[in-house]
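Have a look at the structure below, then the notes.
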Amino acid sequence: MSVTHHRRSGIAAGAVLLTFAVAGCSGLGRTSVGTIVYESANRHEVQVSNPLVTGCHRLVPGGAVELTNRTLVDMRMFLSPDCTGKSTTYIATTLNDVIAPGAAPWRSYTFVH
């Protein structure tokens, strides 16, 4: 075998390994990196650090009326405790939002990934 053939084989093998490594990094243990700070319906501040990117996350009982997304991932807020329903609020990274007066509080959230 020539040096050129070995080099091509090495590049191909490296590309395959890189593909598997990237796929592994997007696994279930990836966090959002940062904090979420929200005000509960009874006006207590709650801070959550580095929540997982996957799954549905419940807020404290009574829900949240204001939220600041200090993570590196955009969020979708839900009025239901199980991240279902069509009425959602999108909160991009580094932004915050407040529910309208008289509106129901958010009860759960997911990350957009």
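Ordering of the structure tokens sets the chain letters (A, B, ...); residue numbers start at 1 within each chain; ligands are numbered from 1 in the order shown.
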ask   = Contacts of stretch 79-92 of chain A at 12 Å or less, counting only C-alpha atoms, minus same-chain residues fewer than 3 places along, as an MDAnalysis selection string?
value = chainID A and resid 36 54:76 95:100 103:113
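Reported to one decimal place, the separation of atom CA of A:Asn50 from atom CA of A:Thr35 is 5.9 Å.
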